[in-house]
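*Asks:* I'm passing along query-v7.tsv; it holds TSV, C-alpha atoms.
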```tsv
chain	number	residue	atom	x	y	z
A	14	MET	CA	37.31	-13.95	-3.82
A	15	PRO	CA	34.32	-15.96	-5.07
A	16	GLU	CA	31.66	-14.91	-7.53
A	17	TYR	CA	28.48	-14.77	-5.49
A	18	LYS	CA	25.39	-16.45	-6.87
A	19	VAL	CA	22.42	-14.16	-6.22
A	20	ALA	CA	18.81	-15.10	-6.88
A	21	THR	CA	16.69	-12.11	-7.84
A	22	ILE	CA	12.91	-12.19	-7.37
A	23	PRO	CA	11.55	-8.81	-8.54
A	24	ALA	CA	7.94	-10.09	-8.18
A	25	ASP	CA	5.38	-7.27	-8.44
A	26	GLY	CA	4.90	-3.56	-8.99
A	27	ILE	CA	7.89	-1.33	-8.31
A	28	GLY	CA	9.77	-4.36	-7.06
A	29	ILE	CA	10.65	-5.01	-10.71
A	30	GLU	CA	12.00	-1.48	-11.10
A	31	VAL	CA	14.10	-1.29	-7.94
A	32	ILE	CA	15.64	-4.74	-8.36
A	33	ALA	CA	16.71	-3.85	-11.90
A	34	ALA	CA	18.32	-0.69	-10.53
A	35	THR	CA	20.03	-2.62	-7.75
A	36	LYS	CA	21.54	-5.10	-10.18
A	37	GLU	CA	23.02	-2.19	-12.12
A	38	VAL	CA	24.54	-0.70	-8.99
A	39	LEU	CA	26.02	-4.03	-7.91
A	40	ALA	CA	27.45	-4.54	-11.39
A	41	ALA	CA	29.07	-1.12	-11.07
A	42	LEU	CA	30.45	-2.02	-7.68
A	43	GLU	CA	32.23	-5.04	-9.16
A	44	PHE	CA	34.62	-2.64	-10.91
A	45	GLN	CA	35.45	-0.80	-7.69
A	46	VAL	CA	36.30	-3.76	-5.45
A	47	SER	CA	39.01	-6.10	-6.60
A	48	GLY	CA	37.81	-9.67	-7.04
A	49	LEU	CA	34.17	-8.91	-6.27
A	50	GLY	CA	31.75	-10.65	-8.61
A	51	PHE	CA	28.06	-11.46	-8.88
A	52	SER	CA	26.10	-13.90	-11.00
A	53	PHE	CA	22.40	-13.03	-11.06
A	54	THR	CA	19.62	-15.50	-11.77
A	55	ASP	CA	16.16	-14.00	-12.25
A	56	PHE	CA	13.02	-15.79	-11.12
A	57	ASP	CA	9.69	-14.65	-12.54
A	58	TRP	CA	7.74	-15.62	-9.44
A	59	GLY	CA	4.95	-13.40	-8.18
A	60	SER	CA	1.43	-12.40	-9.07
A	61	GLU	CA	1.79	-12.95	-12.81
A	62	HIS	CA	3.12	-16.43	-12.09
A	63	TYR	CA	0.04	-16.99	-9.92
A	64	ARG	CA	-2.32	-15.91	-12.69
A	65	LYS	CA	-0.72	-18.39	-15.09
A	66	ASN	CA	-0.04	-21.30	-12.73
A	67	GLY	CA	-2.30	-20.91	-9.69
A	68	ARG	CA	0.62	-20.47	-7.31
A	69	MET	CA	3.10	-17.72	-6.52
A	70	MET	CA	6.18	-19.88	-7.05
A	71	PRO	CA	6.84	-23.44	-8.24
A	72	ALA	CA	6.54	-26.37	-5.85
A	73	ASP	CA	10.32	-26.82	-5.93
A	74	GLY	CA	11.02	-23.12	-5.44
A	75	LEU	CA	12.64	-23.44	-2.02
A	76	GLU	CA	14.94	-26.22	-3.19
A	77	ARG	CA	16.04	-24.11	-6.13
A	78	LEU	CA	16.83	-21.14	-3.88
A	79	LYS	CA	19.06	-23.22	-1.61
A	80	ALA	CA	21.73	-23.22	-4.33
A	81	PHE	CA	22.32	-19.47	-3.98
A	82	ASP	CA	24.46	-17.34	-1.68
A	83	ALA	CA	21.76	-14.70	-1.23
A	84	ILE	CA	18.36	-13.57	-2.49
A	85	LEU	CA	17.32	-10.08	-3.58
A	86	PHE	CA	13.55	-9.66	-3.36
A	87	GLY	CA	11.48	-6.80	-4.76
A	88	ALA	CA	7.88	-6.55	-3.54
A	89	VAL	CA	4.77	-8.69	-3.63
A	90	GLY	CA	1.11	-7.81	-4.00
A	91	ALA	CA	-1.52	-7.21	-6.67
A	92	ALA	CA	-4.89	-5.48	-6.71
A	93	ASP	CA	-6.71	-8.48	-8.17
A	94	ILE	CA	-5.27	-11.16	-5.83
A	95	PRO	CA	-6.00	-11.27	-2.08
A	96	ASP	CA	-3.00	-10.11	-0.07
A	97	HIS	CA	-2.86	-13.23	2.07
A	98	ILE	CA	-2.40	-15.33	-1.06
A	99	THR	CA	0.44	-13.24	-2.45
A	100	LEU	CA	2.22	-12.85	0.90
A	101	TRP	CA	1.92	-16.43	2.14
A	102	GLY	CA	2.54	-17.81	-1.31
A	103	LEU	CA	5.92	-16.14	-1.76
A	104	ARG	CA	7.57	-13.95	0.86
A	105	ILE	CA	6.46	-15.76	4.02
A	106	ALA	CA	6.88	-19.11	2.29
A	107	ILE	CA	10.53	-18.25	1.68
A	108	CYS	CA	11.16	-16.79	5.14
A	109	GLN	CA	9.66	-19.77	6.93
A	110	GLY	CA	10.87	-22.39	4.46
A	111	LEU	CA	14.49	-21.20	4.70
A	112	ASP	CA	14.21	-20.46	8.44
A	113	GLN	CA	15.12	-16.80	8.03
A	114	TYR	CA	14.13	-16.13	11.60
A	115	ALA	CA	15.93	-12.82	12.18
A	116	ASN	CA	14.45	-9.86	10.33
A	117	VAL	CA	16.72	-6.82	10.65
A	118	ARG	CA	15.42	-3.35	9.79
A	119	PRO	CA	17.80	-0.40	10.29
A	120	THR	CA	16.56	3.18	10.23
A	121	ARG	CA	18.34	6.50	10.03
A	122	ILE	CA	17.91	9.84	8.32
A	123	PHE	CA	20.13	10.20	5.26
A	124	PRO	CA	21.95	13.42	4.36
A	125	GLY	CA	19.77	15.78	2.34
A	126	ILE	CA	16.49	14.33	3.66
A	127	THR	CA	14.16	16.46	5.76
A	128	PRO	CA	12.28	14.20	8.19
A	129	PRO	CA	8.53	14.80	8.59
A	130	LEU	CA	8.71	15.59	12.32
A	131	ARG	CA	10.40	18.81	13.36
A	132	ASN	CA	11.80	17.35	16.57
A	133	CYS	CA	13.31	14.30	14.82
A	134	LYS	CA	16.88	15.39	14.19
A	135	ARG	CA	19.21	13.33	12.05
A	136	GLU	CA	21.54	12.49	14.93
A	137	ASN	CA	18.61	11.35	17.09
A	138	LEU	CA	17.34	8.59	14.80
A	139	ASN	CA	19.76	5.73	14.34
A	140	ILE	CA	18.04	2.52	15.31
A	141	VAL	CA	17.77	-1.08	14.20
A	142	ILE	CA	14.64	-3.15	14.76
A	143	VAL	CA	15.01	-6.92	15.12
A	144	ARG	CA	11.83	-8.75	14.21
A	145	GLU	CA	11.10	-12.36	15.03
A	146	ASN	CA	10.35	-13.59	11.53
A	147	THR	CA	8.98	-17.13	11.50
A	148	GLU	CA	6.41	-17.58	14.28
A	149	GLY	CA	4.51	-15.36	16.73
A	150	GLU	CA	1.41	-13.73	15.32
A	151	TYR	CA	2.31	-14.78	11.76
A	152	SER	CA	2.70	-18.47	12.50
A	153	GLY	CA	-0.19	-19.39	10.20
A	154	GLN	CA	-2.04	-21.33	12.89
A	155	GLY	CA	-5.82	-21.07	13.21
A	156	GLY	CA	-8.86	-21.56	11.05
A	157	ARG	CA	-12.49	-20.79	10.26
A	158	SER	CA	-15.65	-22.76	10.80
A	159	HIS	CA	-19.45	-22.36	10.39
A	160	ARG	CA	-18.88	-20.09	7.40
A	161	GLY	CA	-21.85	-17.93	6.52
A	162	PHE	CA	-23.71	-18.53	9.77
A	163	PRO	CA	-24.11	-16.07	12.64
A	164	GLU	CA	-21.89	-18.30	14.77
A	165	GLU	CA	-19.06	-18.25	12.21
A	166	VAL	CA	-15.69	-18.38	13.97
A	167	ALA	CA	-12.23	-17.28	12.86
A	168	THR	CA	-9.16	-17.90	14.98
A	169	GLU	CA	-5.61	-16.63	14.51
A	170	VAL	CA	-3.28	-18.31	16.97
A	171	SER	CA	0.00	-16.71	18.01
A	172	VAL	CA	2.73	-19.27	18.58
A	173	PHE	CA	5.73	-18.56	20.81
A	174	THR	CA	8.20	-21.40	21.24
A	175	ARG	CA	11.07	-21.39	23.71
A	176	SER	CA	13.57	-22.08	20.95
A	177	GLY	CA	12.09	-19.40	18.69
A	178	VAL	CA	11.96	-16.67	21.32
A	179	GLU	CA	15.33	-17.52	22.82
A	180	ARG	CA	17.18	-17.44	19.50
A	181	ILE	CA	15.75	-14.07	18.46
A	182	MET	CA	16.48	-12.61	21.91
A	183	ARG	CA	20.04	-13.89	21.77
A	184	PHE	CA	20.45	-12.48	18.26
A	185	ALA	CA	19.13	-9.08	19.40
A	186	PHE	CA	21.38	-8.95	22.47
A	187	GLN	CA	24.39	-9.88	20.34
A	188	LEU	CA	23.53	-7.17	17.82
A	189	ALA	CA	23.11	-4.59	20.60
A	190	GLN	CA	26.43	-5.73	22.05
A	191	SER	CA	28.14	-5.06	18.71
A	192	ARG	CA	26.84	-1.50	18.46
A	193	PRO	CA	28.54	1.45	20.23
A	194	ARG	CA	25.70	2.22	22.66
A	195	LYS	CA	25.14	-1.42	23.71
A	196	LEU	CA	21.49	-0.60	24.35
A	197	LEU	CA	18.50	-2.87	23.76
A	198	THR	CA	14.77	-2.27	24.19
A	199	VAL	CA	12.51	-5.33	24.38
A	200	VAL	CA	9.01	-4.60	23.10
A	201	THR	CA	6.16	-6.44	24.78
A	202	LYS	CA	2.44	-6.37	25.53
A	203	SER	CA	2.47	-8.57	28.60
A	204	ASN	CA	0.02	-6.38	30.50
A	205	ALA	CA	-2.80	-7.61	28.23
A	206	GLN	CA	-1.43	-10.80	26.67
A	207	LYS	CA	-0.71	-12.83	29.76
A	208	HIS	CA	0.62	-16.03	28.21
A	209	GLY	CA	2.76	-15.57	25.10
A	210	MET	CA	4.03	-12.12	25.96
A	211	VAL	CA	4.79	-12.96	29.59
A	212	PHE	CA	6.76	-15.91	28.20
A	213	TRP	CA	8.54	-13.43	25.88
A	214	ASP	CA	9.45	-11.23	28.87
A	215	GLU	CA	10.71	-14.14	30.95
A	216	ILE	CA	13.02	-15.37	28.20
A	217	ALA	CA	14.35	-11.84	27.66
A	218	GLU	CA	15.28	-11.75	31.34
A	219	GLU	CA	16.96	-15.14	31.11
A	220	VAL	CA	19.00	-14.29	28.02
A	221	SER	CA	20.05	-10.90	29.42
A	222	ARG	CA	22.13	-12.65	32.09
A	223	ASP	CA	24.61	-13.65	29.40
A	224	PHE	CA	25.09	-10.04	28.28
A	225	ALA	CA	26.17	-8.06	31.34
A	226	ASP	CA	27.60	-5.28	29.15
A	227	VAL	CA	24.27	-4.62	27.41
A	228	THR	CA	21.86	-2.17	29.02
A	229	TRP	CA	18.30	-3.20	28.33
A	230	ASP	CA	14.79	-2.07	29.15
A	231	LYS	CA	11.25	-3.13	28.34
A	232	GLU	CA	8.49	-1.13	26.67
A	233	LEU	CA	4.85	-1.89	25.92
A	234	VAL	CA	4.23	-1.74	22.20
A	235	ASP	CA	1.65	1.05	22.40
A	236	ALA	CA	3.97	3.17	24.55
A	237	MET	CA	6.76	2.37	22.10
A	238	THR	CA	5.01	4.27	19.30
A	239	VAL	CA	5.07	7.37	21.49
A	240	ARG	CA	8.69	6.89	22.49
A	241	MET	CA	9.84	6.36	18.91
A	242	THR	CA	8.07	9.53	17.82
A	243	LEU	CA	8.95	11.86	20.70
A	244	LYS	CA	12.19	10.41	22.12
A	245	PRO	CA	13.97	8.44	19.38
A	246	GLU	CA	17.32	9.38	20.88
A	247	THR	CA	16.59	7.01	23.80
A	248	LEU	CA	16.55	4.02	21.44
A	249	ASP	CA	19.20	2.01	19.64
A	250	THR	CA	18.49	-1.70	19.12
A	251	ILE	CA	14.89	-2.91	19.42
A	252	VAL	CA	13.53	-6.46	19.45
A	253	ALA	CA	9.86	-7.26	18.97
A	254	THR	CA	7.49	-9.97	17.82
A	255	ASN	CA	6.58	-10.61	14.21
A	256	LEU	CA	3.50	-8.36	14.27
A	257	HIS	CA	4.77	-5.66	16.62
A	258	ALA	CA	8.05	-5.20	14.76
A	259	ASP	CA	6.23	-5.18	11.43
A	260	ILE	CA	4.18	-2.20	12.57
A	261	LEU	CA	6.98	-0.38	14.41
A	262	SER	CA	9.37	-0.65	11.47
A	263	ASP	CA	6.86	1.10	9.21
A	264	LEU	CA	6.66	3.88	11.78
A	265	ALA	CA	10.46	4.03	11.83
A	266	GLY	CA	10.56	4.25	8.04
A	267	ALA	CA	8.08	7.12	8.09
A	268	LEU	CA	10.16	8.94	10.71
A	269	SER	CA	13.18	8.68	8.40
A	270	GLY	CA	11.25	10.33	5.57
A	271	SER	CA	9.71	7.49	3.58
A	272	LEU	CA	9.25	3.73	3.40
A	273	GLY	CA	11.27	4.10	0.22
A	274	MET	CA	14.31	4.50	2.47
A	275	ALA	CA	13.68	1.37	4.56
A	276	PRO	CA	15.49	-1.95	3.96
A	277	THR	CA	15.10	-5.43	5.43
A	278	ALA	CA	17.41	-8.38	5.87
A	279	ASN	CA	15.70	-11.73	6.39
A	280	LEU	CA	18.56	-13.69	7.93
A	281	ASP	CA	19.36	-17.26	8.70
A	282	PRO	CA	22.13	-16.39	11.19
A	283	GLU	CA	23.40	-19.97	11.17
A	284	ARG	CA	23.91	-19.70	7.38
A	285	ARG	CA	22.33	-23.07	6.63
A	286	PHE	CA	20.28	-21.43	3.88
A	287	PRO	CA	20.55	-18.22	1.82
A	288	SER	CA	19.28	-15.05	3.44
A	289	MET	CA	16.91	-12.69	1.64
A	290	PHE	CA	17.12	-8.91	1.33
A	291	GLU	CA	14.14	-6.74	0.43
A	292	PRO	CA	12.86	-3.16	0.68
A	293	ILE	CA	9.79	-2.85	2.88
A	294	HIS	CA	7.83	-0.40	0.71
A	295	GLY	CA	5.56	-2.92	-1.00
A	296	SER	CA	4.52	-3.16	-4.62
A	297	ALA	CA	3.12	0.42	-4.79
A	298	PHE	CA	0.95	-0.01	-7.86
A	299	ASP	CA	-0.05	3.65	-7.71
A	300	ILE	CA	3.39	4.62	-9.01
A	301	THR	CA	4.36	1.49	-10.95
A	302	GLY	CA	5.70	2.31	-14.39
A	303	LYS	CA	6.03	6.04	-13.69
A	304	GLY	CA	9.79	5.85	-13.17
A	305	ILE	CA	9.71	7.54	-9.78
A	306	ALA	CA	10.08	4.58	-7.40
A	307	ASN	CA	12.68	5.22	-4.73
A	308	PRO	CA	15.50	2.67	-5.17
A	309	ILE	CA	17.44	3.70	-2.05
A	310	ALA	CA	15.84	1.07	0.20
A	311	SER	CA	16.78	-1.63	-2.29
A	312	PHE	CA	20.32	-0.25	-2.55
A	313	TRP	CA	20.57	-0.35	1.25
A	314	CYS	CA	19.39	-3.96	1.10
A	315	ALA	CA	22.37	-4.62	-1.16
A	316	VAL	CA	24.58	-3.10	1.53
A	317	GLN	CA	23.05	-5.48	4.07
A	318	MET	CA	23.63	-8.38	1.70
A	319	LEU	CA	27.28	-7.43	1.25
A	320	GLU	CA	27.75	-7.17	5.00
A	321	HIS	CA	26.18	-10.59	5.48
A	322	LEU	CA	28.51	-12.03	2.84
A	323	GLY	CA	31.48	-10.55	4.67
A	324	GLU	CA	32.23	-7.96	1.97
A	325	THR	CA	32.68	-5.03	4.33
A	326	GLU	CA	34.75	-2.89	1.95
A	327	ALA	CA	32.16	-3.18	-0.79
A	328	ALA	CA	29.34	-2.51	1.66
A	329	GLN	CA	31.01	0.69	2.87
A	330	LYS	CA	31.70	1.90	-0.66
A	331	LEU	CA	28.07	1.44	-1.63
A	332	MET	CA	26.74	3.09	1.52
A	333	THR	CA	29.03	6.06	0.96
A	334	ALA	CA	27.79	6.38	-2.62
A	335	ILE	CA	24.18	6.32	-1.40
A	336	GLU	CA	24.89	9.05	1.16
A	337	ARG	CA	26.63	11.23	-1.43
A	338	THR	CA	23.66	10.83	-3.75
A	339	THR	CA	21.02	11.92	-1.23
A	340	GLU	CA	23.22	14.73	0.06
A	341	ALA	CA	23.59	16.03	-3.51
A	342	GLY	CA	19.81	16.30	-3.75
A	343	TYR	CA	18.99	13.30	-5.94
A	344	LEU	CA	15.72	12.54	-4.20
A	345	THR	CA	12.56	10.91	-5.52
A	346	PRO	CA	9.12	12.49	-4.87
A	347	ASP	CA	8.40	10.40	-1.76
A	348	VAL	CA	11.17	12.28	0.07
A	349	GLY	CA	10.37	15.69	-1.38
A	350	GLY	CA	12.47	15.60	-4.53
A	351	THR	CA	11.87	15.47	-8.27
A	352	ALA	CA	14.43	12.87	-9.33
A	353	THR	CA	13.47	9.72	-11.19
A	354	THR	CA	14.54	6.18	-10.38
A	355	ARG	CA	16.92	6.40	-13.34
A	356	GLU	CA	18.50	9.63	-12.10
A	357	VAL	CA	19.04	8.31	-8.57
A	358	THR	CA	20.55	5.10	-9.93
A	359	ASP	CA	22.85	7.01	-12.27
A	360	ALA	CA	23.95	9.28	-9.41
A	361	VAL	CA	24.86	6.32	-7.20
A	362	ILE	CA	26.82	4.71	-10.03
A	363	GLU	CA	28.60	7.99	-10.73
A	364	SER	CA	29.44	8.24	-7.03
A	365	LEU	CA	31.15	4.87	-7.40
A	366	ASP	CA	33.35	6.45	-10.14
A	367	TYR	CA	32.06	4.03	-12.68
A	368	LYS	CA	31.43	4.43	-16.42
A	369	ARG	CA	28.11	3.01	-17.55
A	370	THR	CA	29.48	1.85	-20.91
A	371	VAL	CA	31.21	-1.15	-19.36
A	372	VAL	CA	28.18	-2.50	-17.52
A	373	ASN	CA	27.88	-6.23	-18.15
A	374	LEU	CA	25.07	-7.80	-16.13
A	375	LYS	CA	25.48	-11.54	-15.79
A	376	SER	CA	22.47	-13.82	-16.04
```
Go through the file and emit its structure as structure tokens.
*Replies:*
Amino acid sequence: MPEYKVATIPADGIGIEVIAATKEVLAALEFQVSGLGFSFTDFDWGSEHYRKNGRMMPADGLERLKAFDAILFGAVGAADIPDHITLWGLRIAICQGLDQYANVRPTRIFPGITPPLRNCKRENLNIVIVRENTEGEYSGQGGRSHRGFPEEVATEVSVFTRSGVERIMRFAFQLAQSRPRKLLTVVTKSNAQKHGMVFWDEIAEEVSRDFADVTWDKELVDAMTVRMTLKPETLDTIVATNLHADILSDLAGALSGSLGMAPTANLDPERRFPSMFEPIHGSAFDITGKGIANPIASFWCAVQMLEHLGETEAAQKLMTAIERTTEAGYLTPDVGGTATTREVTDAVIESLDYKRTVVNLKS
């Protein structure tokens, strides 16, 4: 079994804290799965790098990342730097530059967590949102002119290509096909957006013909917020555009108890380039340095990474340890508990039957 080369980009805020915790947990996991090994390389890219160098990562950053088997990403964003600079300078630059076109965001309610909605029972929320990750509303096309004048114009152009839409639809149908319910919901807004979203619908119909065993339906994005909140049991796999899935996955995270429980896999399904795994909670500067950041989302990202690498035994061991930890009541304040990041991390490691004294993080 190979030693996997993992690039770690903690970046900003609590991203630094949760990635450090995740490296500890993965180091612990090495002693539970025969032959499993990780070699971590840290990259100090992010807002501090921008302050010193005028850019979020070096010009050769993408080329350097191509040498790795996977990427663990923390969070990006700073109060003193415009969000579009931090996001486009690092996270989106990596996703687009490495063609990580399939963004996968699972959601469920973990044992021991009380969801915020009374009608949202644990068994009713078990969904995965597939987000088109490289074009659509976040294609980066558009511009501004006549700045400062009354006739100033700003355009933001959504781009939907046949190849881009078809590949994410096919990915979503395949994922739905692999899940027990074989159920897919295609999110759209074709009643109001009569070009790109009608195109989206047409390609969904075309691709569906290759998946006769998958039951699928279509839902307008505004109606989808209602359905997710009131009837989550009717949903399983969901596919949506870059913007729509971005919004809906935050709603899903909230329904599960906290964005601190929500992971993301940015995948290149063809495995030409390394895929990137990140929690969706953001840099959260309001709690940075307080030791209370929820590391569960980042741990779940590690599970996704292991699954992508084909390490199913290790992935299951780690997920089981996470579930035991939340069920035992080791919960951070965002999900109603009093535990610290350190305590949750220690509990997961203990659940792996691992002694901290033999931790040896590679760098």
*Asks:* With stretch 177-201 of chain A as the partner and 10 Å as the cut-off, tabulate the residues of stretch 84-172 of chain A that qualify, each row holding the nearest pair of atoms and their distance in Å to one decimal, using only C-alpha atoms, sorted by chain and rising number, as JSON lines.
*Replies:*
```
{"residue": "A:Tyr114", "atom": "CA", "partner": "A:Ile181", "partner_atom": "CA", "distance": 7.3}
{"residue": "A:Ala115", "atom": "CA", "partner": "A:Ile181", "partner_atom": "CA", "distance": 6.4}
{"residue": "A:Asn116", "atom": "CA", "partner": "A:Ile181", "partner_atom": "CA", "distance": 9.2}
{"residue": "A:Val117", "atom": "CA", "partner": "A:Ala185", "partner_atom": "CA", "distance": 9.4}
{"residue": "A:Val141", "atom": "CA", "partner": "A:Ala189", "partner_atom": "CA", "distance": 9.0}
{"residue": "A:Ile142", "atom": "CA", "partner": "A:Ala185", "partner_atom": "CA", "distance": 8.8}
{"residue": "A:Val143", "atom": "CA", "partner": "A:Ala185", "partner_atom": "CA", "distance": 6.3}
{"residue": "A:Arg144", "atom": "CA", "partner": "A:Ile181", "partner_atom": "CA", "distance": 7.9}
{"residue": "A:Glu145", "atom": "CA", "partner": "A:Ile181", "partner_atom": "CA", "distance": 6.0}
{"residue": "A:Asn146", "atom": "CA", "partner": "A:Ile181", "partner_atom": "CA", "distance": 8.8}
{"residue": "A:Thr147", "atom": "CA", "partner": "A:Gly177", "partner_atom": "CA", "distance": 8.2}
{"residue": "A:Glu148", "atom": "CA", "partner": "A:Gly177", "partner_atom": "CA", "distance": 7.4}
{"residue": "A:Gly149", "atom": "CA", "partner": "A:Gly177", "partner_atom": "CA", "distance": 8.8}
{"residue": "A:Val172", "atom": "CA", "partner": "A:Gly177", "partner_atom": "CA", "distance": 9.4}
```
*Asks:* Every residue with an atom at most 10 Å from (20.9, 5.2, 8.7) (file coordinates; all atoms listed in the file) is what I'm after, so could you write them as a PyMOL selection string?
*Replies:* chain A and resi 119-124+135-136+138-141+269+274-275+313+332+336
*Asks:* Between atom CA of A:Asp359 and atom CA of A:Ala334, what distance in Å does the model show, to one decimal?
*Replies:*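 One can read the atom CA of A:Asp359 to atom CA of A:Ala334 distance as 10.9 Å.
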*Asks:* Quick one: distance from atom CA of A:Ser171 to atom CA of A:Leu100 in Å, one decimal?
*Replies:* 17.7 Å
*Asks:* Out of A:Ala106, A:Ile260, A:Ile216, A:Met210, which residue has the shortest atom-to-atom distance to A:Asp235 when counting all atoms listed in the file?
*Replies:*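 Distance minimum relative to A:Asp235 lands on A:Ile260.
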*Asks:* Find the spatial neighbours of A:Val170, counting only C-alpha atoms, within a cut-off of 8 Å - ignore same-chain residues fewer than 2 positions away - and output them as JSON, numbers by chain.
*Replies:* {"A": [150, 152, 153, 154, 155, 168, 172]}
*Asks:* Find the residues around A:Asp214 up to 12 Å (all atoms listed in the file counted), leave out those fewer than 5 positions away in its own chain, and share them as a list of chain:residue names.
*Replies:*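 In the requested form, the answer reads A:Phe173, A:Arg175, A:Val178, A:Glu179, A:Met182, A:Thr198, A:Val199, A:Val200, A:Thr201, A:Lys202, A:Ser203, A:Asn204, A:Gln206, A:Lys207, A:His208, A:Gly209, A:Glu219, A:Val220, A:Ser221, A:Trp229, A:Asp230, A:Lys231, A:Glu232, A:Leu233, A:Val252, A:Ala253, A:Thr254.
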*Asks:* So which residues fall inside 9 Å of (7.0, -14.7, -10.8) if we count all atoms listed in the file? Mind giving them as a compact mmCIF listing (two decimals) with C-alpha atoms, in the frame of the given file?
*Replies:*
```
# COMPACT_ATOMS: atom_id res chain seq x y z
CA ILE A 22 12.91 -12.19 -7.37
CA PRO A 23 11.55 -8.81 -8.54
CA ALA A 24 7.94 -10.09 -8.18
CA ASP A 25 5.38 -7.27 -8.44
CA PHE A 56 13.02 -15.79 -11.12
CA ASP A 57 9.69 -14.65 -12.54
CA TRP A 58 7.74 -15.62 -9.44
CA GLY A 59 4.95 -13.40 -8.18
CA SER A 60 1.43 -12.40 -9.07
CA GLU A 61 1.79 -12.95 -12.81
CA HIS A 62 3.12 -16.43 -12.09
CA TYR A 63 0.04 -16.99 -9.92
CA MET A 69 3.10 -17.72 -6.52
CA MET A 70 6.18 -19.88 -7.05
```
*Asks:* Would you mind telling me which residue in A:Val227, A:Met241, A:Ala80, A:Leu75 lies nearest to A:Gly102 when using only C-alpha atoms?
*Replies:*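 Of the candidates, the smallest distance to A:Gly102 is held by A:Leu75.
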*Asks:* Provide the atom CA of A:Ile27 to atom CA of A:Glu43 distance in Å, to one decimal place.
*Replies:*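 Between atom CA of A:Ile27 and atom CA of A:Glu43 the gap is 24.6 Å.
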*Asks:* Of the residues A:Asn255, A:Gln109, A:Thr354, A:Thr242, which is the one nearest to A:Gly273, using all atoms listed in the file?
*Replies:* A:Thr354
*Asks:* Would you list the contacts of A:Thr358 as a PyMOL selection string, taking every protein, DNA or RNA residue within 10 Å and counting all atoms listed in the file, but skipping same-chain residues closer than 3 positions in sequence?
*Replies:* chain A and resi 31+33-35+37-38+307-309+312+335+338+343+352-355+361-364
*Asks:* A:Thr238, A:Pro346, A:Glu76, A:Ser296: which is nearest A:Asp96, counting only C-alpha atoms?
*Replies:*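 Result for the nearest residue to A:Asp96: A:Ser296.
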*Asks:* Give the answer as one residue: which of A:Glu30, A:Asp223, A:Asp93, A:Asp82 has the shortest atom-to-atom distance to A:Leu319, using all atoms listed in the file?
*Replies:* A:Asp82
*Asks:* Which one of A:Gly48, A:Pro276, A:Gly67, A:Gly350 sits closest to A:His294 if you count only C-alpha atoms?
*Replies:* A:Pro276
*Asks:* Can you rebuild stretch 245-256 of chain A with N, CA and C atoms and give it as a PDB file, keeping the file's coordinate frame?
*Replies:*
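Everything below was put into selection_34.pdb:
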```
ATOM      1  N   PRO A 245      13.206   9.464  20.105  1.00  0.00           N
ATOM      2  CA  PRO A 245      13.970   8.440  19.380  1.00  0.00           C
ATOM      3  C   PRO A 245      15.411   8.327  19.842  1.00  0.00           C
ATOM      4  N   GLU A 246      15.935   9.405  20.424  1.00  0.00           N
ATOM      5  CA  GLU A 246      17.320   9.380  20.880  1.00  0.00           C
ATOM      6  C   GLU A 246      17.547   8.418  22.049  1.00  0.00           C
ATOM      7  N   THR A 247      16.466   7.960  22.691  1.00  0.00           N
ATOM      8  CA  THR A 247      16.590   7.010  23.800  1.00  0.00           C
ATOM      9  C   THR A 247      16.655   5.566  23.311  1.00  0.00           C
ATOM     10  N   LEU A 248      16.612   5.361  22.004  1.00  0.00           N
ATOM     11  CA  LEU A 248      16.550   4.020  21.440  1.00  0.00           C
ATOM     12  C   LEU A 248      17.765   3.717  20.576  1.00  0.00           C
ATOM     13  N   ASP A 249      18.115   2.446  20.506  1.00  0.00           N
ATOM     14  CA  ASP A 249      19.200   2.010  19.640  1.00  0.00           C
ATOM     15  C   ASP A 249      18.827   0.704  18.953  1.00  0.00           C
ATOM     16  N   THR A 250      18.924  -0.411  19.651  1.00  0.00           N
ATOM     17  CA  THR A 250      18.490  -1.700  19.120  1.00  0.00           C
ATOM     18  C   THR A 250      17.159  -2.062  19.771  1.00  0.00           C
ATOM     19  N   ILE A 251      16.241  -2.576  18.965  1.00  0.00           N
ATOM     20  CA  ILE A 251      14.890  -2.910  19.420  1.00  0.00           C
ATOM     21  C   ILE A 251      14.587  -4.333  18.975  1.00  0.00           C
ATOM     22  N   VAL A 252      13.977  -5.120  19.847  1.00  0.00           N
ATOM     23  CA  VAL A 252      13.530  -6.460  19.450  1.00  0.00           C
ATOM     24  C   VAL A 252      12.052  -6.588  19.755  1.00  0.00           C
ATOM     25  N   ALA A 253      11.310  -7.159  18.810  1.00  0.00           N
ATOM     26  CA  ALA A 253       9.860  -7.260  18.970  1.00  0.00           C
ATOM     27  C   ALA A 253       9.353  -8.476  18.202  1.00  0.00           C
ATOM     28  N   THR A 254       8.115  -8.823  18.478  1.00  0.00           N
ATOM     29  CA  THR A 254       7.490  -9.970  17.820  1.00  0.00           C
ATOM     30  C   THR A 254       7.233  -9.677  16.353  1.00  0.00           C
ATOM     31  N   ASN A 255       6.824 -10.706  15.639  1.00  0.00           N
ATOM     32  CA  ASN A 255       6.580 -10.610  14.210  1.00  0.00           C
ATOM     33  C   ASN A 255       5.628  -9.462  13.859  1.00  0.00           C
ATOM     34  N   LEU A 256       4.487  -9.401  14.536  1.00  0.00           N
ATOM     35  CA  LEU A 256       3.500  -8.360  14.270  1.00  0.00           C
ATOM     36  C   LEU A 256       3.950  -7.003  14.780  1.00  0.00           C
TER      37      LEU A 256
END
```
